[in-house]
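Below is one structure; the comments refer to it alone.
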Amino acid sequence: MEILLLEDLAPDASQWLAARYRVDYRPELAHDRAALQAALYKVNAIVAPPSLKINSQLLDYAPRLYVVARIHDGTENIDFEACQKRHVRVIQASSATVRASAEYLLSTLLQLARQGVRRRREPNEPPQPRRPGREVNDSVVGLLGMSPPAHMLATMLVALGARVVGYDPAVHRSADLWRRLGVQPMGLNEMLEVADGVSLQMNYASRYRGLLNDRVLASCKRGQSWTSISRPALFDLPALAEALKDGRIYAFMMDSEDERLHEPDSPLAGLPNLRITPRLAPFTQESMLRGSWFLADRIHEALAVGEMLATHKPDDDSAPMPLT
């Protein structure tokens, strides 16, 4: 069985896999589509970076593929329907990155509250008036989406003395989760009206596309700070651009590798109070170690099942049971 690593794993986890399978570390193939397609024919498992699109066109070149694995979670760039049709199991180390993502959100909330999005001053440019920073203690922080990073972030914010409010369309206001985390549930518009800062870590679904539109963002408390690790598709981007321009949103840190954010005609292009980081939130030494061993264990498990199915010879013409 053959494993192709387009993204490195922790050394111990890589060595553990190499003792059991043929492991080929070829990160350059992630940026050379033609060479990658040529290399996929005999591959049974692939560890792919978030930037690589896993779609039906790529899977057509991988007839022996059982597993697509990613050390960082996220639904961008993976066609789950195409993987399901080909009985390819998608493995993501979601739990390994929860603390890293929560700490990113906390650190960016603290930075934005204190100094906004800082930019380098041009030569001979006069100093700009400073806005006094804010302390998190006694401030109101809104959690938009109650995915696992929000659970850990809530406990950190409560310990720092913040009043934490939240909204998630998939979590009922009467759910015990809110009480356990010390978060006051609110409606979306109500939360945006009172929050000094907003942390967005909402799981994406197609029904939520464009949820944060001009009508919703009109409720933002003026001078609000935002940080996000969610998919930009949750926003109506022109409406977001207007909120950033007119001061409703004072500063925004968005962690995403969505290519559309950097297109020349993007509504967000050139906005001085927006900073986009390239998926830094889940990437720490500790999360890489946790995620590497998680993937190594799950890849080993999936390939063992795949090998068993490949050698299974049914008595009739029925197809083998697919991986799930």
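Labels for the structure tokens follow display order: chains A, B, ..., residues from 1 in each chain, ligands from 1.
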
> In region 4-64 of chain A, what's strand (DSSP E or B) per DSSP? Answer as a list in words?
Replying inline: Leu4, Leu5, Arg22, Val23, Asp24, Tyr25, Ala45, Ile46, Val47 and Ile54 of chain A

At a cut-off of 10 Å, can you tabulate as CSV every residue of region 161-233 of chain A near region 268-290 of chain A together with its closest atom pair and the distance in Å to one decimal, using only C-alpha atoms and ordering rows by chain then number?
```
residue,atom,partner,partner_atom,distance
A:Ser225,CA,A:Asn273,CA,9.8
A:Trp226,CA,A:Leu274,CA,9.5
A:Thr227,CA,A:Arg275,CA,9.7
A:Ser228,CA,A:Ala281,CA,9.5
A:Ile229,CA,A:Ala281,CA,7.1
```

> Excluding same-chain residues fewer than 2 positions from region 9-25 of chain A, what lies within 7 Å of it counting only C-alpha atoms, as a list in words?
Replying inline: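 Using only C-alpha atoms, the neighbours found are Met1, Glu2, Ile3, Leu4, Leu5, Leu6, Glu7, Pro27, Met288, Leu289, Ser292, Trp293 and Ala296 of chain A.
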
> Counting only C-alpha atoms, what is within 9 Å of Ser95 (chain A), bar same-chain residues fewer than 6 positions away, as a list in words?
Replying inline: Asp73, Pro148, Arg290 and Gly291 of chain A

Within 9 Å of region 177-199 of chain A, which residues of region 82-116 of chain A come that close, and what is the closest atom pair and distance in Å for each? Count only C-alpha atoms and give it as JSON lines.
```
{"residue": "A:Leu105", "atom": "CA", "partner": "A:Ser199", "partner_atom": "CA", "distance": 6.8}
{"residue": "A:Leu106", "atom": "CA", "partner": "A:Ser199", "partner_atom": "CA", "distance": 8.5}
{"residue": "A:Leu109", "atom": "CA", "partner": "A:Gly197", "partner_atom": "CA", "distance": 7.0}
{"residue": "A:Leu112", "atom": "CA", "partner": "A:Gly197", "partner_atom": "CA", "distance": 8.6}
{"residue": "A:Ala113", "atom": "CA", "partner": "A:Gly197", "partner_atom": "CA", "distance": 7.6}
```

> How many Å separate CA of Ser174 (chain A) from CA of Tyr104 (chain A)?
Replying inline: 28.8 Å

>> From a backbone DSSP assignment, name each residue in region 60-240 of chain A labelled helix (DSSP H, G or I), as a PyMOL selection string.
In response: chain A and resi 80-85+95-115+148-159+176-181+188-194+206-208+214-217+232-234+237-240

> Hey, what's within 8 Å of Leu295 (chain A) if we count only C-alpha atoms and toss same-chain stuff fewer than 5 positions away? As JSON, numbers by chain, please?
Replying inline: {"A": [69, 70, 71, 91, 92, 93]}

Dump C-alpha atoms for the selected residues as a compact mmCIF listing (two decimals), in the first residue's frame?
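Final file, part.txt:
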```
# COMPACT_ATOMS: atom_id res chain seq x y z
CA ALA A 69 -6.36 13.04 4.83
CA ARG A 70 -5.80 16.60 6.01
CA ILE A 71 -4.02 17.64 9.18
CA ILE A 91 -10.09 12.08 7.33
CA GLN A 92 -9.52 15.43 9.01
CA ALA A 93 -7.77 15.99 12.34
```

>> Residues within 7 Å of Val88 (chain A), please, as number ranges by chain. Count only C-alpha atoms; anything in the same chain fewer than 5 positions from it doesn't count.
In response: A: 65-68, 83, 323

> Quick one, how far is CA of Ala304 (chain A) from CA of Ala82 (chain A)?
Replying inline: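 Distance between the two atoms: 22.3 Å.
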
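Across the structure, CA of Leu153 (chain A) and CA of Glu257 (chain A) are spaced 22.4 Å apart.
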